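Asker: Quick one: structure below, then a few questions.
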Amino acid sequence: MHDLRPGDRVRARSPRSSFTPVETAAHHILVAGGVGVTPLLSHARWHAFWGHSFEVLAVGAPHLDVLRALGPVTVARDRRKMADLLGPVVGTAPWKSHVYTCGPPGLIAAVAAAARAAHWVGARVHAEPFVAEPAGGPFEVVLRRSRRRVRVAAGETLLDAVDRVGVAAPRLCRQGVCGECLTGLVGGTADHRDHVDAAEEGRIALCVSRAAPGETLEIDL
Amino acid sequence: MRTVPGVDLAPCLELDAAAVDPDDVGPTLARLTTGWRLRIVGPEREVLLLRAAALAHGALDEEITTEITTEVLGTGVRTVYCAACHHPFPTTGTAARCPGCGTDLDVADHVSRRHGAFLGVPR
Amino acid sequence: MSGATGKDSSYPFPLAHDTYRISANVEPAAAPILHVGADHADVLALRSRILDGEPRRFVAAPHAAAASWDALVWLLDRMAREQAGVSLERDGHRYRWTNARLGVEQEFVFGDASTLPEHPLTFAGRQVEEDVVVLGARGDRLWLDAGMVVFASVWSLAFDHGMSFAELHGPVPSPEVFVRAERFLLRMPPGDAWRRLNWGLQLDDRPDLSLDASPAWGPRRRRLEVHDVGSEVHLRTEVQHLVRLPMTGAVLFLIGVRLLPLAAVAAVPAWSARLVSVLDTLPAEVRSYKDLGVLGPMAADWLRRSHE
């Protein structure tokens, strides 16, 4: 992407998302951290269009003027102020509310904690992490069809490592949710971290899963 | 209707299914904040109808617990939804004649959360 | 009624193997997705007649509004791409829809119910041969939020309204197939379209085998009143399409019914042999679910004899 110049032609696909508004909600609370505001801008436009009740809580987020034109926005000066804000907003939210957070893991955790404190069930709490979850230790993977052996560093995902050596692999959500990057697991024991039961199908989600400690994986790539 | 401690000490509204009118569930829930749970207690038929009303007003499965006081499930009165004329009516047993259209129905083991009723299949 | 009798050569024969097991059997959809048969006008007229006579062949939850508009625009756009005399022009949220074949001309504003003469789903559902169901995606599950279904096969849309995908398939054997199918559907990217075929046998050429109408067709079916198997008994193929709607992520489920008399099946020896083989080897629970306990062997015997 960084090699692109103005005027270059790119191939675009329609957007995909596992972070969509819940249409049964009576009220939507959108919590934006930094550039995590991006998907929530679409949410806000959608709610404004349909006349849904919603509010935005933002910390360090750009495009505030756009948001303010759509609906009520409360801005927290920093993460600590945001934490102070969340308790009352979540704790007094009307029946049938849902909360959606996009931002760094710390913000997502703070919202989840506020929702738990207000006794919300998990099904009303939605998040899109903007930064990948911290990865585990290093391991090695054998790419069977490409006849390559790749070392995956600590903090690097299997998908990143495969990219690094130039082997093509499909991917989409990078969160173990969409199933796009599922690849046959031919050998080794994996530490499965996906949400699509890849293990059940003898496959592994390249974006989130790793080798179990001390294991070397062999995958069908 | 009373407040009782719920799962994880969440505030919980207990509804006596035999006493609460399903039509009153909407206004009652609208006064709550998100985080409240519902506990519905009573005979099977009334519990299903009240649960249907709670679901229609936005409660999630995760927010509802039910306790059916009928001794053996399926032996008491159930609501049957006539597939032919869409009339719901109370009955016992596994066969019934629809009071709405006179069709003879077999009661299927298929429950609608929305109608709080079992499917009546025309014979 | 001659609803979708499939006299055209492109009958979607549903059996790919000599034995049949309930499975998700999906494949990528190929154009055209929406069927236009020789009896198109008759099928659409019948659809409207059933809907007008029984308004509960249409259901829509209040929270299905956005997905219903999403479905409307997808269907109209699809028709415009696939069919002659049909166009959809767009200017922002404003659309102009022309269906010259039906003499329908309509301007509407996306999301504004007052700009359509009826609900978006019935507006679209009257102009396609397929039944239309909108499955909303919430909490990692699919929910029957809205639909216009006039050709149901032994189910009732009004009863099933509001059910989860698992609840909908409660009466079907092999529930694990539907657990996997739901997971698959929830992973579909927006705009994706898949196709699957389902099948059954029936005593007549009625496309409407809904439970709602069962007093009209049930008694004859129970008595198995058949005078001429070849012309009366029909293979019922349901061409089902599953589309992930682009704006809401709801799944649009389209069900097209195609009926073919056994005599026409017998005219294609490969189809006849395959159907006989499938009927002879059908597992008991599938035979019972499809109500083929007597009709199945009757059809198989007739097909066998027709080749002697």
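How things are named: the first chain in the structure tokens is A, the next is B, and so on; residues count from 1 in each chain; ligands count from 1 in the order shown.
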Hey, list the chain B side of the contact with chain A: 9 Å cut-off, only C-alpha atoms, answer as number ranges by chain.
Answerer: B: 7-11, 29-37, 57-60, 62-63
Asker: From the DSSP assignment of the backbone, select every residue of stretch 41-123 of chain C that is strand (DSSP E), and format the answer as a list in words.
Answerer: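 Here is the list: Phe58, Val59, Ala60, Val86, Ser87, Leu88, Glu89, Arg90, Asp91, Arg94, Tyr95, Arg96, Trp97, Thr98, Asn99, Val104, Glu105, Gln106, Glu107, Phe108 and Val109 of chain C.
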Asker: Let's have the selection written as a short mmCIF file (atom, residue, chain, number, x, y, z; two decimals), in the first residue's frame, with N, CA and C atoms.
Answerer:
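Result written to part-v3.cif:
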```cif
data_model
loop_
_atom_site.label_atom_id
_atom_site.label_comp_id
_atom_site.auth_asym_id
_atom_site.auth_seq_id
_atom_site.Cartn_x
_atom_site.Cartn_y
_atom_site.Cartn_z
N PHE C 58 -46.88 -12.74 4.67
CA PHE C 58 -45.82 -11.73 4.78
C PHE C 58 -45.64 -11.38 6.26
N VAL C 59 -44.41 -11.37 6.71
CA VAL C 59 -44.13 -10.92 8.08
C VAL C 59 -42.92 -10.00 8.05
N ALA C 60 -42.85 -9.05 8.97
CA ALA C 60 -41.67 -8.20 9.08
C ALA C 60 -41.61 -7.62 10.49
N VAL C 86 -36.28 -4.16 -17.82
CA VAL C 86 -36.27 -3.84 -16.39
C VAL C 86 -35.09 -2.92 -16.11
N SER C 87 -35.31 -1.82 -15.38
CA SER C 87 -34.16 -0.96 -15.08
C SER C 87 -34.31 -0.32 -13.71
N LEU C 88 -33.16 -0.05 -13.11
CA LEU C 88 -33.12 0.63 -11.83
C LEU C 88 -32.12 1.78 -11.95
N GLU C 89 -32.64 3.00 -11.88
CA GLU C 89 -31.76 4.17 -11.94
C GLU C 89 -31.64 4.75 -10.55
N ARG C 90 -30.43 5.24 -10.25
CA ARG C 90 -30.21 5.74 -8.90
C ARG C 90 -29.60 7.14 -8.93
N ASP C 91 -30.11 7.99 -8.03
CA ASP C 91 -29.51 9.30 -7.83
C ASP C 91 -29.47 9.53 -6.32
N ARG C 94 -32.35 8.38 -4.06
CA ARG C 94 -33.56 8.36 -4.89
C ARG C 94 -33.40 7.33 -6.00
N TYR C 95 -34.42 6.50 -6.19
CA TYR C 95 -34.37 5.46 -7.21
C TYR C 95 -35.57 5.58 -8.14
N ARG C 96 -35.35 5.18 -9.39
CA ARG C 96 -36.48 5.03 -10.31
C ARG C 96 -36.46 3.60 -10.84
N TRP C 97 -37.53 2.89 -10.58
CA TRP C 97 -37.65 1.47 -10.94
C TRP C 97 -38.65 1.31 -12.06
N THR C 98 -38.23 0.63 -13.12
CA THR C 98 -39.13 0.37 -14.24
C THR C 98 -39.14 -1.12 -14.54
N ASN C 99 -40.30 -1.72 -14.51
CA ASN C 99 -40.46 -3.12 -14.89
C ASN C 99 -41.51 -3.15 -15.99
N VAL C 104 -44.87 -1.81 -14.24
CA VAL C 104 -44.62 -1.13 -12.96
C VAL C 104 -43.59 -0.03 -13.17
N GLU C 105 -43.95 1.17 -12.73
CA GLU C 105 -42.98 2.26 -12.75
C GLU C 105 -43.07 2.94 -11.40
N GLN C 106 -41.97 3.04 -10.67
CA GLN C 106 -42.05 3.52 -9.31
C GLN C 106 -40.79 4.31 -8.95
N GLU C 107 -41.01 5.51 -8.45
CA GLU C 107 -39.88 6.25 -7.87
C GLU C 107 -39.95 6.07 -6.38
N PHE C 108 -38.81 5.88 -5.75
CA PHE C 108 -38.84 5.78 -4.29
C PHE C 108 -37.55 6.32 -3.70
N VAL C 109 -37.61 6.63 -2.41
CA VAL C 109 -36.45 7.12 -1.69
C VAL C 109 -36.05 6.04 -0.70
#
```
Asker: Quick one: which residues from chain C are at most 10 Å off chain B, using only C-alpha atoms, as a ChimeraX atom specification?
Answerer: /C:54,56,61,139,154-164,167-171,210-216,218-219,222
Asker: Please build the interface table for chain A against chain C with a cut-off of 12 Å, listing for each qualifying residue the nearest atom pair and the distance in Å to one decimal; count only C-alpha atoms, order rows by chain and increasing number, and write it as a tab-separated table.
Answerer:
```
residue	atom	partner	partner_atom	distance
A:Arg13	CA	C:Pro190	CA	9.7
A:Ser14	CA	C:Pro190	CA	7.0
A:Pro15	CA	C:Pro190	CA	7.3
A:Arg16	CA	C:Pro189	CA	5.9
A:Ser17	CA	C:Pro189	CA	8.1
A:Ser18	CA	C:Arg187	CA	8.6
A:Phe19	CA	C:Gly249	CA	9.9
A:Thr20	CA	C:Thr248	CA	7.5
A:Pro21	CA	C:Thr248	CA	8.3
A:Val22	CA	C:Arg138	CA	6.4
A:Glu23	CA	C:His63	CA	5.4
A:Thr24	CA	C:His63	CA	5.4
A:Ala25	CA	C:His63	CA	8.5
A:Ala26	CA	C:His63	CA	10.0
A:Ser42	CA	C:Met247	CA	10.9
A:His43	CA	C:Thr248	CA	11.1
A:Trp46	CA	C:Met247	CA	9.7
A:His47	CA	C:Ala66	CA	10.6
A:Ala48	CA	C:Gly111	CA	12.0
A:Phe49	CA	C:Gly111	CA	8.4
A:Trp50	CA	C:Gly111	CA	7.4
A:Gly51	CA	C:Gly111	CA	10.5
A:His52	CA	C:His63	CA	10.8
A:His98	CA	C:Gly139	CA	11.4
A:Val121	CA	C:Gly139	CA	11.4
A:Gly122	CA	C:Gly139	CA	9.5
A:Ala123	CA	C:Gly139	CA	6.1
A:Arg124	CA	C:Gly139	CA	8.5
A:Val125	CA	C:Gly139	CA	10.0
A:His126	CA	C:Gly139	CA	9.6
A:Leu172	CA	C:Pro189	CA	9.9
A:Cys173	CA	C:Arg187	CA	10.6
A:Gly176	CA	C:Arg187	CA	11.2
A:Val177	CA	C:Arg187	CA	8.1
A:Cys178	CA	C:Arg187	CA	5.5
A:Gly179	CA	C:Arg187	CA	6.9
A:Glu180	CA	C:Arg187	CA	8.3
A:Cys181	CA	C:Arg187	CA	11.8
A:Leu182	CA	C:Arg187	CA	11.9
A:His195	CA	C:Arg183	CA	10.6
A:Val196	CA	C:Arg183	CA	7.9
A:Asp197	CA	C:Arg183	CA	9.8
A:Ala198	CA	C:Arg183	CA	11.7
A:Glu200	CA	C:Arg180	CA	11.1
A:Glu201	CA	C:Arg180	CA	10.9
```
